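A short worksheet on the structure shown next.
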Amino acid sequence: MDLFIDLKKKIEGKNLKIVFPESEDIRILKAVSRLNKEKLLIPILLGKSKEVEKLAKKDGIDIEGIEIIDPENSSLFEDMVKAFVERRKGKNTEEDGRRMLKDANYFGTMLVYMDKADGMVSGAVHSTGDTVRPALQIVKTKPNISRTSGAFIMIKDDKKYLFADCAINVSLTEEQLAEIAVESANTAELFGIDPKIAMLSFSTFGSAKAEEATKVENATKLAKEMSPNLNIDGEMQFDAAIVPEVGRQKAPDSKIAGNANVFIFPSLEAGNIGYKIAQRLGEFEAIGPILQGLNKPISDLSRGCNEEDVYKLSLITAAQSLI
């Protein structure tokens, strides 16, 4: 079944609310209009209603019936400031809260935290830091997860893979790599992928001797300890992970080699370059980044996204809220 047909069936009729802080962006408005017409979820736009409606009308975008909240004039603002200060546990004052919650990303994240929305999609205009920072401060990571990570679903014809971390962490410890592997398995299952996880390196089971390769080997062992039923192996090179003939030659005893569909990169440098090569040269569609490890779904668009990217990541965000 098509990934997004399946996702639509999962969220249909659930009345899930997704907040969009970037109402001044045409790509957001077009995607939100489409989602609203299809009744797949309940969108909430943040901004000044007259300005948003004027922009939508100018471009012929139908946003009739969609809730628009102005953070600075919301009836929720006072309760939100109080809840924010409590959540920050002394790290921010009430004055800080009043200033910070005028920022649409902070306001939107608080809507999710306070269960006024089920998830948030941002990043078409804002940087990853501007989207992720409020999420880490307010929604925070799941118990026993030290940090969030960014995964991409890579799709081409009937091929479907998951790549992580391609968006957030510049460098990772053994423990963090193991965490990301476990979280990536959960994400893969949400999208109908039976996870077979390859922990990637420039070495395959000791073919090269280096601290970087040993770190990936140790991370694989830790991931198995965290989740004993995980189908995972490594360290291995990408060709050994994905090409059956190479897998049999380089790692004949591995059940994952040559059959992997979830790929954990050893660093952001490798992951970001890897997914973009697959996207631009391999002509894979890259959906994401999907933020993993948070208590509630906050999704970060690429600033180079188009309307279709916004639409699809919104469906993913809504589906994540059901986990």
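Chain labels A, B, ... are given in the sequence in which chains occur in the structure tokens; within each chain residues are numbered consecutively from 1, and ligands are likewise numbered from 1 in the order shown.
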Discussion item. Using only C-alpha atoms, which protein or nucleic acid residues come within 9 Å of range 256-267 of chain A? Drop anything in the same chain fewer than 5 positions from it, and give the result as an MDAnalysis selection string.
Written reply: chainID A and resid 160:166 169:172 177 180:181 184:185 188 193:201 212:213 215:216 231:234 236 238:248 250:251 272 274
- [ ] Taking the DSSP assignment computed from this structure's backbone, write out as a VMD selection string all residues of range 13-220 of chain A that belong to helix (DSSP H, G or I).
- [x] chain A and resid 26 to 37 49 to 58 71 to 73 77 to 88 94 to 100 104 to 113 128 to 139 174 to 190 211 to 220
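Taking only C-alpha atoms, the non-local environment of Lys312 in chain A within 9 Å (same-chain residues fewer than 2 positions away omitted) comprises Phe4, Ala31, Ile287, Gly288, Glu307, Glu308, Asp309, Val310, Ser314, Leu315, Ile316 and Thr317 of chain A.
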Would you save the residues from that selection as an mmCIF file, in the first residue's frame, using N, CA and C atoms?
```cif
data_model
loop_
_atom_site.group_PDB
_atom_site.id
_atom_site.type_symbol
_atom_site.label_atom_id
_atom_site.label_comp_id
_atom_site.auth_asym_id
_atom_site.auth_seq_id
_atom_site.Cartn_x
_atom_site.Cartn_y
_atom_site.Cartn_z
ATOM 1 N N PHE A 4 1.381 7.064 1.921
ATOM 2 C CA PHE A 4 0.510 8.153 2.362
ATOM 3 C C PHE A 4 -0.972 7.778 2.334
ATOM 4 N N ALA A 31 -0.954 24.056 1.483
ATOM 5 C CA ALA A 31 -1.017 22.710 2.060
ATOM 6 C C ALA A 31 -2.116 22.619 3.106
ATOM 7 N N ILE A 287 11.368 12.568 2.504
ATOM 8 C CA ILE A 287 10.316 13.121 3.353
ATOM 9 C C ILE A 287 10.881 13.318 4.754
ATOM 10 N N GLY A 288 10.888 14.574 5.214
ATOM 11 C CA GLY A 288 11.410 14.855 6.532
ATOM 12 C C GLY A 288 12.064 16.237 6.579
ATOM 13 N N GLU A 307 4.935 22.860 -1.410
ATOM 14 C CA GLU A 307 3.615 22.588 -0.835
ATOM 15 C C GLU A 307 3.428 21.100 -0.535
ATOM 16 N N GLU A 308 3.881 20.253 -1.438
ATOM 17 C CA GLU A 308 3.716 18.804 -1.254
ATOM 18 C C GLU A 308 4.478 18.303 -0.039
ATOM 19 N N ASP A 309 5.675 18.855 0.185
ATOM 20 C CA ASP A 309 6.456 18.482 1.373
ATOM 21 C C ASP A 309 5.702 18.835 2.651
ATOM 22 N N VAL A 310 5.098 20.028 2.672
ATOM 23 C CA VAL A 310 4.337 20.464 3.849
ATOM 24 C C VAL A 310 3.162 19.533 4.077
ATOM 25 N N SER A 314 2.874 16.953 7.284
ATOM 26 C CA SER A 314 1.726 17.150 8.181
ATOM 27 C C SER A 314 1.022 15.819 8.458
ATOM 28 N N LEU A 315 0.872 15.000 7.422
ATOM 29 C CA LEU A 315 0.278 13.677 7.600
ATOM 30 C C LEU A 315 1.137 12.817 8.534
ATOM 31 N N ILE A 316 2.448 12.890 8.339
ATOM 32 C CA ILE A 316 3.374 12.136 9.184
ATOM 33 C C ILE A 316 3.281 12.595 10.634
ATOM 34 N N THR A 317 3.246 13.907 10.846
ATOM 35 C CA THR A 317 3.161 14.468 12.196
ATOM 36 C C THR A 317 1.892 14.006 12.886
#
```
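For range 130-208 of chain A, backbone-based DSSP assignment of strand (DSSP E) covers Ser149, Gly150, Ala151, Phe152, Ile153, Met154, Ile155, Lys156, Lys159, Lys160, Tyr161, Leu162, Phe163, Ala164, Ile197, Ala198, Met199 and Leu200 of chain A.
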Writer output for current selection, all heavy atoms, as a tab-separated table (two decimals), in the first residue's frame:
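New file again_11.tsv:
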```tsv
chain	number	residue	atom	x	y	z
A	149	SER	N	16.59	13.44	17.24
A	149	SER	CA	17.33	13.19	16.01
A	149	SER	C	16.39	13.39	14.83
A	149	SER	O	15.17	13.40	14.99
A	149	SER	CB	17.92	11.78	15.99
A	149	SER	OG	16.90	10.79	16.17
A	150	GLY	N	16.97	13.53	13.64
A	150	GLY	CA	16.16	13.80	12.45
A	150	GLY	C	16.28	12.69	11.43
A	150	GLY	O	17.37	12.39	10.93
A	151	ALA	N	15.13	12.06	11.11
A	151	ALA	CA	15.11	10.95	10.15
A	151	ALA	C	14.41	11.38	8.86
A	151	ALA	O	13.55	12.26	8.87
A	151	ALA	CB	14.38	9.75	10.75
A	152	PHE	N	14.81	10.76	7.77
A	152	PHE	CA	14.15	10.96	6.48
A	152	PHE	C	13.61	9.62	5.98
A	152	PHE	O	14.31	8.60	6.04
A	152	PHE	CB	15.12	11.51	5.44
A	152	PHE	CG	15.36	12.98	5.55
A	152	PHE	CD1	16.31	13.48	6.44
A	152	PHE	CD2	14.65	13.88	4.78
A	152	PHE	CE1	16.54	14.84	6.56
A	152	PHE	CE2	14.87	15.25	4.89
A	152	PHE	CZ	15.81	15.73	5.77
A	153	ILE	N	12.36	9.63	5.50
A	153	ILE	CA	11.84	8.50	4.75
A	153	ILE	C	12.23	8.74	3.30
A	153	ILE	O	11.91	9.78	2.72
A	153	ILE	CB	10.31	8.39	4.87
A	153	ILE	CG1	9.89	8.22	6.33
A	153	ILE	CG2	9.79	7.23	4.03
A	153	ILE	CD1	10.27	6.91	6.96
A	154	MET	N	12.94	7.79	2.69
A	154	MET	CA	13.41	7.91	1.32
A	154	MET	C	12.58	6.97	0.45
A	154	MET	O	12.55	5.76	0.68
A	154	MET	CB	14.89	7.54	1.24
A	154	MET	CG	15.79	8.28	2.24
A	154	MET	SD	15.84	10.07	1.98
A	154	MET	CE	16.65	10.18	0.39
A	155	ILE	N	11.90	7.53	-0.56
A	155	ILE	CA	10.94	6.76	-1.35
A	155	ILE	C	11.26	6.90	-2.84
A	155	ILE	O	11.48	7.99	-3.36
A	155	ILE	CB	9.51	7.26	-1.11
A	155	ILE	CG1	9.13	7.15	0.37
A	155	ILE	CG2	8.51	6.47	-1.95
A	155	ILE	CD1	7.82	7.80	0.72
A	156	LYS	N	11.24	5.77	-3.52
A	156	LYS	CA	11.34	5.74	-4.98
A	156	LYS	C	10.67	4.48	-5.49
A	156	LYS	O	11.09	3.37	-5.15
A	156	LYS	CB	12.81	5.78	-5.43
A	156	LYS	CG	12.98	5.82	-6.95
A	156	LYS	CD	14.45	5.86	-7.33
A	156	LYS	CE	14.62	5.91	-8.83
A	156	LYS	NZ	16.07	5.91	-9.22
A	159	LYS	N	10.45	1.23	-3.48
A	159	LYS	CA	11.53	1.19	-2.49
A	159	LYS	C	11.25	2.22	-1.40
A	159	LYS	O	10.86	3.35	-1.67
A	159	LYS	CB	12.87	1.48	-3.15
A	159	LYS	CG	13.28	0.47	-4.19
A	159	LYS	CD	14.55	0.91	-4.91
A	159	LYS	CE	14.93	-0.08	-6.01
A	159	LYS	NZ	16.11	0.39	-6.78
A	160	LYS	N	11.49	1.81	-0.16
A	160	LYS	CA	11.20	2.68	0.99
A	160	LYS	C	12.24	2.42	2.07
A	160	LYS	O	12.36	1.30	2.57
A	160	LYS	CB	9.79	2.37	1.50
A	160	LYS	CG	9.26	3.31	2.54
A	160	LYS	CD	7.75	3.16	2.72
A	160	LYS	CE	7.31	1.75	3.05
A	160	LYS	NZ	5.86	1.65	3.31
A	161	TYR	N	13.00	3.46	2.43
A	161	TYR	CA	14.07	3.34	3.42
A	161	TYR	C	13.95	4.45	4.45
A	161	TYR	O	13.27	5.46	4.23
A	161	TYR	CB	15.44	3.43	2.75
A	161	TYR	CG	15.69	2.44	1.65
A	161	TYR	CD1	15.84	2.85	0.32
A	161	TYR	CD2	15.77	1.07	1.92
A	161	TYR	CE1	16.06	1.94	-0.70
A	161	TYR	CE2	16.00	0.15	0.91
A	161	TYR	CZ	16.14	0.58	-0.41
A	161	TYR	OH	16.35	-0.32	-1.41
A	162	LEU	N	14.64	4.28	5.57
A	162	LEU	CA	14.74	5.33	6.57
A	162	LEU	C	16.21	5.64	6.82
A	162	LEU	O	17.01	4.71	7.05
A	162	LEU	CB	14.04	4.91	7.87
A	162	LEU	CG	13.94	6.02	8.93
A	162	LEU	CD1	12.59	5.95	9.65
A	162	LEU	CD2	15.07	5.91	9.96
A	163	PHE	N	16.57	6.94	6.79
A	163	PHE	CA	17.93	7.40	7.06
A	163	PHE	C	17.91	8.26	8.33
A	163	PHE	O	17.05	9.12	8.48
A	163	PHE	CB	18.46	8.28	5.93
A	163	PHE	CG	18.81	7.59	4.64
A	163	PHE	CD1	18.48	6.27	4.38
A	163	PHE	CD2	19.50	8.30	3.65
A	163	PHE	CE1	18.82	5.66	3.18
A	163	PHE	CE2	19.84	7.71	2.44
A	163	PHE	CZ	19.50	6.39	2.20
A	164	ALA	N	18.88	8.06	9.22
A	164	ALA	CA	19.01	8.90	10.43
A	164	ALA	C	20.46	8.85	10.92
A	164	ALA	O	21.17	7.90	10.63
A	164	ALA	CB	18.07	8.40	11.53
A	197	ILE	N	18.17	-2.92	10.51
A	197	ILE	CA	18.99	-1.72	10.74
A	197	ILE	C	20.48	-1.99	10.50
A	197	ILE	O	21.06	-2.91	11.08
A	197	ILE	CB	18.80	-1.23	12.19
A	197	ILE	CG1	17.31	-1.01	12.47
A	197	ILE	CG2	19.58	0.05	12.44
A	197	ILE	CD1	16.99	-0.83	13.93
A	198	ALA	N	21.06	-1.14	9.66
A	198	ALA	CA	22.51	-1.18	9.43
A	198	ALA	C	23.15	0.02	10.09
A	198	ALA	O	22.75	1.16	9.85
A	198	ALA	CB	22.80	-1.18	7.94
A	199	MET	N	24.14	-0.22	10.93
A	199	MET	CA	24.93	0.84	11.56
A	199	MET	C	26.12	1.11	10.64
A	199	MET	O	27.04	0.29	10.53
A	199	MET	CB	25.38	0.40	12.95
A	199	MET	CG	24.23	0.02	13.88
A	199	MET	SD	23.23	1.44	14.37
A	199	MET	CE	24.25	2.14	15.67
A	200	LEU	N	26.10	2.25	9.98
A	200	LEU	CA	27.02	2.51	8.88
A	200	LEU	C	28.38	3.04	9.33
A	200	LEU	O	28.49	3.77	10.31
A	200	LEU	CB	26.40	3.49	7.91
A	200	LEU	CG	25.11	3.03	7.21
A	200	LEU	CD1	24.58	4.14	6.32
A	200	LEU	CD2	25.34	1.76	6.41
```
Could you give me, as a compact mmCIF listing (two decimals) with N, CA, C and O atoms, in the first residue's frame, the residues within 9 Å of Val182 in chain A, counting only C-alpha atoms and dropping anything in the same chain fewer than 6 positions from it?
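So out_11.txt came out as:
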```txt
# COMPACT_ATOMS: atom_id res chain seq x y z
N ALA A 223 22.80 -0.95 21.34
CA ALA A 223 21.42 -0.97 20.82
C ALA A 223 20.77 -2.33 21.04
O ALA A 223 19.58 -2.42 21.40
N LYS A 224 21.54 -3.39 20.87
CA LYS A 224 21.02 -4.74 21.10
C LYS A 224 20.67 -4.95 22.57
O LYS A 224 19.70 -5.63 22.90
N MET A 226 19.74 -2.48 24.62
CA MET A 226 18.55 -1.65 24.86
C MET A 226 17.28 -2.32 24.36
O MET A 226 16.22 -2.21 24.98
N SER A 227 17.39 -2.99 23.23
CA SER A 227 16.23 -3.61 22.59
C SER A 227 16.65 -4.95 22.01
O SER A 227 17.02 -5.06 20.84
N LEU A 230 15.75 -6.25 18.47
CA LEU A 230 16.05 -5.38 17.34
C LEU A 230 16.83 -6.16 16.27
O LEU A 230 17.79 -6.87 16.58
```
